[in-house]
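Asks: Got a structure for you, questions after.
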Amino acid sequence: MRILLTGGLGFIGSAVVRQAVQAGHTVLNLDLQTYAGDPRTVASVADSDLYEHRTVDICDDGAVRQAFEDFFPDRVMHLAAESHVDRSIDGPAEFVRTNVVGTTVMLQEAQRWLTAHPNEQFRFVHISTDEVFGSLTLDDEPFCETTSYDPRSPYSASKAASDHFARAWFHTYDFPVVVTNCSNNYGPFQFPEKLIPLMVIKALNGEPLPVYGKGDNIRDWIHVEDHAEGLLQAAIEGQAGSTYLFGGDAERTNIDVVHMICDLVDAVAGSGEAPRRNLITYVTDRPGHDHRYAIDFETTTNRLGWKPSRSFEDGLRDTVQWYLDNDDYWEPILAGRYAGTRLGSAE
Ligand code: NAD
Ligand code: DAU
């Protein structure tokens with residue numbers, strides 16, 4: 001495949017880039033390299049003849065158009081986004097610009113290019129989140145393909161809008177869109193504003209571990225490499241107009257996740273700060289904090305043969321070890337563009 005991918009210097013996009021190039025696909029990565037983009041995430045494939053990166057803003061229609069004309073893709077995988085809920089509380093406008101306007105620019109330029117170069121195989125895979133479905137109670141059934149949208153944060157509202165635009169392009173213009181929605185990813189190279197890397201690094205450093213509210217919010221966790229495998233399968237085999245849900249079959253409360261991280265760091269990094277559970281500090285809750293996300297991905301398994309292959313216990317142990325072994329990834333970030341401070345408290 002020739003994959004024009006956006007957001008490939010980010011956490012999930014870079015995992016897709018690494019897997020795609022290793023599988024022999026040719027990738028053009030359009031990424032603006034915002035605070036969340038980092039070329040080190042794709043260093044393992046950056047010298048390959050199959051890989052090219054361009055510093056492009058997805059809102060820049062001229063640059064996006066030129067990329068299509070130069071590259072002749074048969075797949076688009078659109079991951080570029082503002083992705084952090086807490087930042088969307090502090091500054092929603094950037095989420096509207098990148099996630100809504102940027103997605104419509106990508107759809108418009110892809111459609112313009114496909115009209116000029118018809119290709120039955122072409123697919124536009126729009127990568128989204130389970131947060132568009134809203135918040136579950138403990139008694140609710142997990143999200144599925146037909147769950148109504150009910151976004152509740154500026155981030156999820158902007159992603160929901162982008163999903164609606166993607167599906168509008170399918171229904172209105174017969175443009176071959178595939179939408180995917182996935183639960184919380186974790187793994188190597190996640191920016192340390194997100195729960196798991198932030199807690200691992202703070203636990204290592206012996207700093208307070210800020211748990212929002214009572215710590216009883218529930219997320220479903222999937223290893224990023226499992227998600228990337230599913231996304232590539234959806235790009236290869238996905239049916240135009242279809243939605244594919246990806247999940248990790250690993251619902252956990254936040255406090256359970258933080259306890260696991262404390263115990264893993266105690267075991268691997270030694271006893272200096274142990275027991276690190278003593279570092280847990282309950283802090284003011286996130287405004288509008290969604291209580292629970294859960295995914296029923298059975299239809300995706302039936303249609304693509306995909307299911308997650310890593311257990312949360314194994315994946316989290318490997319991930320904690322990765323952050324311990326790769327302080328050269330996160331130390332410069334904490335010394336520069338993100339100091340590990342609280343975001344989105346709306347105070
Ligand atoms: P990330 O924040 O790690 O990376 C986003 C990337 O997009 C960065 O490399 C950034 O430089 C790039 N980018 C941002 N604005 C851009 C612009 N205007 N033009 C070009 N590039 C731009 O995000 P992530 O966690 O890897 O998420 C990737 C996608 O997957 C997002 O669409 C997100 O909504 C979705 N998603 C994320 C998760 C998760 O748990 N992280 C779960 C489900 C879905
Ligand atoms: O569900 C998929 C979504 O998962 C993705 O679409 C988003 O891009 C991704 O950021 C993630 O959103 P969350 O808000 O669930 O992830 P985050 O890591 O920010 O927080 C996970 C949970 O941990 C959430 O309930 C808030 C809580 N939390 C988070 C931080 C950063 C804390 O208790 N303390 C913290 O310091």
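Letters A, B, ... mark the chains of the structure tokens in the order given; residue numbers begin at 1 per chain; ligand numbers begin at 1, in order shown.
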Got a sec to check which residues lie within 7 Å of ligand 1, using only C-alpha atoms and all ligand atoms, and send them as a VMD selection string?
Replies: chain A and resid 6 to 13 30 to 38 56 to 59 79 to 84 98 102 127 to 130 159 181 to 186 190 to 191
Asks: Could I get the residue neighbourhood of ligand 2 at 9 Å, counting only C-alpha atoms and all ligand atoms, as a PyMOL selection string?
Replies: chain A and resi 81-86+128-132+155-156+159+181-186+192-199+209-221+253-255+257-258+282-283+285-286+289-294+340-343
Asks: As a PyMOL selection string, please: every residue in segment 137-308 of chain A that a backbone DSSP assignment puts in strand (DSSP E or B).
Replies: chain A and resi 143+177-182+184-186+209-212+218-223+243-246+251-253+280-283+292+295
Asks: Between atom CA of Phe312 of chain A and atom CA of Ile222 of chain A, measure the distance and give it in Å to one decimal.
Replies: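 A separation of 7.3 Å between them.
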Asks: Run DSSP on the backbone of this structure and report the residues of segment 22-105 of chain A it assigns to helix (DSSP H, G or I), as a ChimeraX atom specification.
Replies: /A:22,39-42,61-71,85-90,92-105
Asks: May I ask for the distance between atom CA of Ala269 of chain A and atom CA of Tyr338 of chain A, given in Å to one decimal place?
Replies: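 The value is 23.5 Å.
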Asks: Smallest atom-to-atom distance to Pro154 of chain A: which of A:Asn99, A:Thr26, A:Ser44, A:Thr284, using only C-alpha atoms?
Replies: A:Asn99
Asks: Which one is closest to Trp330 of chain A: A:Gly24, A:Pro188, A:Pro275, A:Gly91? Count only C-alpha atoms.
Replies: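 When distances to Trp330 of chain A are compared using only C-alpha atoms, the smallest one comes from A:Pro188.
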Asks: Excluding Leu204 of chain A and residues on its chain fewer than 5 positions from it, collect all residues at most 12 Å away from it, counting only C-alpha atoms, and give them as an NGL selection string.
Replies: :A and (197-199 or 209 or 261-277 or 279 or 320-321 or 323-325 or 327 or 331)
Asks: Kindly export the residues of the current selection with N, CA and C atoms, as a PDB file, in the first residue's frame.
Replies:
ATOM      1  N   PRO A 197       2.060   7.167  31.432  1.00  0.00           N
ATOM      2  CA  PRO A 197       3.455   7.639  31.499  1.00  0.00           C
ATOM      3  C   PRO A 197       3.689   8.661  32.611  1.00  0.00           C
ATOM      4  N   LEU A 198       2.688   9.532  32.852  1.00  0.00           N
ATOM      5  CA  LEU A 198       2.864  10.542  33.906  1.00  0.00           C
ATOM      6  C   LEU A 198       3.074   9.865  35.263  1.00  0.00           C
ATOM      7  N   MET A 199       2.257   8.844  35.544  1.00  0.00           N
ATOM      8  CA  MET A 199       2.355   8.167  36.846  1.00  0.00           C
ATOM      9  C   MET A 199       3.666   7.382  36.953  1.00  0.00           C
ATOM     10  N   LEU A 209       1.511  11.498  43.251  1.00  0.00           N
ATOM     11  CA  LEU A 209       0.805  10.935  42.092  1.00  0.00           C
ATOM     12  C   LEU A 209      -0.626  11.475  42.106  1.00  0.00           C
ATOM     13  N   ILE A 261       0.992   0.405  38.807  1.00  0.00           N
ATOM     14  CA  ILE A 261       2.221   1.116  38.415  1.00  0.00           C
ATOM     15  C   ILE A 261       3.151   1.255  39.622  1.00  0.00           C
ATOM     16  N   CYS A 262       2.585   1.631  40.770  1.00  0.00           N
ATOM     17  CA  CYS A 262       3.422   1.783  41.980  1.00  0.00           C
ATOM     18  C   CYS A 262       4.149   0.478  42.293  1.00  0.00           C
ATOM     19  N   ASP A 263       3.410  -0.631  42.230  1.00  0.00           N
ATOM     20  CA  ASP A 263       4.009  -1.921  42.596  1.00  0.00           C
ATOM     21  C   ASP A 263       5.064  -2.336  41.573  1.00  0.00           C
ATOM     22  N   LEU A 264       4.789  -2.081  40.293  1.00  0.00           N
ATOM     23  CA  LEU A 264       5.769  -2.432  39.252  1.00  0.00           C
ATOM     24  C   LEU A 264       7.041  -1.594  39.408  1.00  0.00           C
ATOM     25  N   VAL A 265       6.869  -0.300  39.670  1.00  0.00           N
ATOM     26  CA  VAL A 265       8.055   0.564  39.812  1.00  0.00           C
ATOM     27  C   VAL A 265       8.832   0.154  41.072  1.00  0.00           C
ATOM     28  N   ASP A 266       8.113  -0.163  42.146  1.00  0.00           N
ATOM     29  CA  ASP A 266       8.806  -0.657  43.358  1.00  0.00           C
ATOM     30  C   ASP A 266       9.660  -1.876  43.009  1.00  0.00           C
ATOM     31  N   ALA A 267       9.053  -2.803  42.224  1.00  0.00           N
ATOM     32  CA  ALA A 267       9.743  -4.068  41.937  1.00  0.00           C
ATOM     33  C   ALA A 267      10.941  -3.867  41.021  1.00  0.00           C
ATOM     34  N   VAL A 268      10.811  -2.951  40.067  1.00  0.00           N
ATOM     35  CA  VAL A 268      11.865  -2.820  39.053  1.00  0.00           C
ATOM     36  C   VAL A 268      12.922  -1.791  39.448  1.00  0.00           C
ATOM     37  N   ALA A 269      12.491  -0.695  40.076  1.00  0.00           N
ATOM     38  CA  ALA A 269      13.426   0.419  40.324  1.00  0.00           C
ATOM     39  C   ALA A 269      14.041   0.375  41.716  1.00  0.00           C
ATOM     40  N   GLY A 270      13.581  -0.543  42.551  1.00  0.00           N
ATOM     41  CA  GLY A 270      14.203  -0.662  43.861  1.00  0.00           C
ATOM     42  C   GLY A 270      13.437   0.068  44.940  1.00  0.00           C
ATOM     43  N   SER A 271      13.947   0.012  46.133  1.00  0.00           N
ATOM     44  CA  SER A 271      13.143   0.330  47.305  1.00  0.00           C
ATOM     45  C   SER A 271      13.289   1.771  47.792  1.00  0.00           C
ATOM     46  N   GLY A 272      14.078   2.602  47.105  1.00  0.00           N
ATOM     47  CA  GLY A 272      14.318   3.966  47.593  1.00  0.00           C
ATOM     48  C   GLY A 272      13.069   4.682  48.068  1.00  0.00           C
ATOM     49  N   GLU A 273      12.023   4.704  47.208  1.00  0.00           N
ATOM     50  CA  GLU A 273      10.790   5.419  47.530  1.00  0.00           C
ATOM     51  C   GLU A 273       9.669   4.464  47.944  1.00  0.00           C
ATOM     52  N   ALA A 274       9.940   3.156  48.019  1.00  0.00           N
ATOM     53  CA  ALA A 274       8.869   2.187  48.253  1.00  0.00           C
ATOM     54  C   ALA A 274       8.318   2.304  49.682  1.00  0.00           C
ATOM     55  N   PRO A 275       7.033   2.016  49.927  1.00  0.00           N
ATOM     56  CA  PRO A 275       6.069   1.675  48.899  1.00  0.00           C
ATOM     57  C   PRO A 275       5.534   2.938  48.223  1.00  0.00           C
ATOM     58  N   ARG A 276       5.567   2.932  46.875  1.00  0.00           N
ATOM     59  CA  ARG A 276       5.186   4.143  46.148  1.00  0.00           C
ATOM     60  C   ARG A 276       3.689   4.430  46.211  1.00  0.00           C
ATOM     61  N   ARG A 277       2.888   3.448  46.666  1.00  0.00           N
ATOM     62  CA  ARG A 277       1.460   3.749  46.860  1.00  0.00           C
ATOM     63  C   ARG A 277       1.282   4.922  47.838  1.00  0.00           C
ATOM     64  N   LEU A 279       2.688   7.629  47.686  1.00  0.00           N
ATOM     65  CA  LEU A 279       2.792   8.901  46.955  1.00  0.00           C
ATOM     66  C   LEU A 279       1.441   9.350  46.381  1.00  0.00           C
ATOM     67  N   VAL A 320       6.134  -0.088  31.699  1.00  0.00           N
ATOM     68  CA  VAL A 320       6.879   0.497  32.825  1.00  0.00           C
ATOM     69  C   VAL A 320       8.373   0.292  32.599  1.00  0.00           C
ATOM     70  N   GLN A 321       8.745  -0.920  32.174  1.00  0.00           N
ATOM     71  CA  GLN A 321      10.169  -1.201  31.922  1.00  0.00           C
ATOM     72  C   GLN A 321      10.697  -0.287  30.817  1.00  0.00           C
ATOM     73  N   TYR A 323       9.740   2.769  30.007  1.00  0.00           N
ATOM     74  CA  TYR A 323       9.986   4.138  30.507  1.00  0.00           C
ATOM     75  C   TYR A 323      11.215   4.181  31.406  1.00  0.00           C
ATOM     76  N   LEU A 324      11.444   3.081  32.154  1.00  0.00           N
ATOM     77  CA  LEU A 324      12.661   3.030  32.978  1.00  0.00           C
ATOM     78  C   LEU A 324      13.908   2.996  32.107  1.00  0.00           C
ATOM     79  N   ASP A 325      13.833   2.240  31.002  1.00  0.00           N
ATOM     80  CA  ASP A 325      15.005   2.079  30.127  1.00  0.00           C
ATOM     81  C   ASP A 325      15.217   3.280  29.205  1.00  0.00           C
ATOM     82  N   ASP A 327      14.792   6.870  29.721  1.00  0.00           N
ATOM     83  CA  ASP A 327      14.652   8.209  30.303  1.00  0.00           C
ATOM     84  C   ASP A 327      15.169   9.277  29.343  1.00  0.00           C
ATOM     85  N   GLU A 331      13.006  12.611  29.694  1.00  0.00           N
ATOM     86  CA  GLU A 331      13.653  13.668  30.505  1.00  0.00           C
ATOM     87  C   GLU A 331      13.728  15.004  29.756  1.00  0.00           C
TER      88      GLU A 331
END
Asks: Determine the nearest neighbour of Ala15 of chain A from the options A:Ala46, A:Ala63, A:Ala228, A:Leu107, counting only C-alpha atoms.
Replies: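 Going through A:Ala46, A:Ala63, A:Ala228, A:Leu107 one by one, the smallest distance to Ala15 of chain A is for A:Ala228.
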Asks: Using Å and a single decimal, report how far atom CA of Gly248 of chain A sits from atom CA of Thr281 of chain A.
Replies: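 Calculated distance between atom CA of Thr281 of chain A and atom CA of Gly248 of chain A is 27.4 Å.
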Asks: Of the candidates A:Thr319, A:Thr55, A:Gln233, A:Ser162, which shows the shortest atom-to-atom distance to Pro39 of chain A, using only C-alpha atoms?
Replies: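 Of all the options, A:Thr55 lies closest to Pro39 of chain A.
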Asks: Go through A:Gly187, A:Gly238, A:Gly230, A:Ala43 one by one, measure the shortest atom-to-atom distance of each to Trp322 of chain A using only C-alpha atoms, and give the residue with the smallest value.
Replies: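 Checking each candidate against Trp322 of chain A, we get A:Gly187 as the closest.
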Asks: Closest to Leu114 of chain A among A:Arg337, A:Arg18, A:Arg65, A:Arg303, using only C-alpha atoms?
Replies: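 Between A:Arg337, A:Arg18, A:Arg65, A:Arg303, the residue approaching Leu114 of chain A most closely is A:Arg65.
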Asks: Which residues of segment 209-249 of chain A come within 9 Å of segment 164-178 of chain A, and for each one, what is the closest pair of atoms and their distance in Å to one decimal, counting only C-alpha atoms, sorted by chain and residue number, as a Markdown table?
Replies:
| residue | atom | partner | partner_atom | distance |
| --- | --- | --- | --- | --- |
| A:Ala234 | CA | A:Val178 | CA | 7.7 |
| A:Ala235 | CA | A:Val178 | CA | 8.0 |
| A:Gly238 | CA | A:Val178 | CA | 6.5 |
| A:Gln239 | CA | A:Val178 | CA | 6.8 |
| A:Ala240 | CA | A:Pro176 | CA | 4.6 |
| A:Gly241 | CA | A:Val177 | CA | 5.4 |
| A:Ser242 | CA | A:Val178 | CA | 5.3 |
| A:Thr243 | CA | A:Val178 | CA | 6.0 |
| A:Tyr244 | CA | A:Val178 | CA | 7.8 |
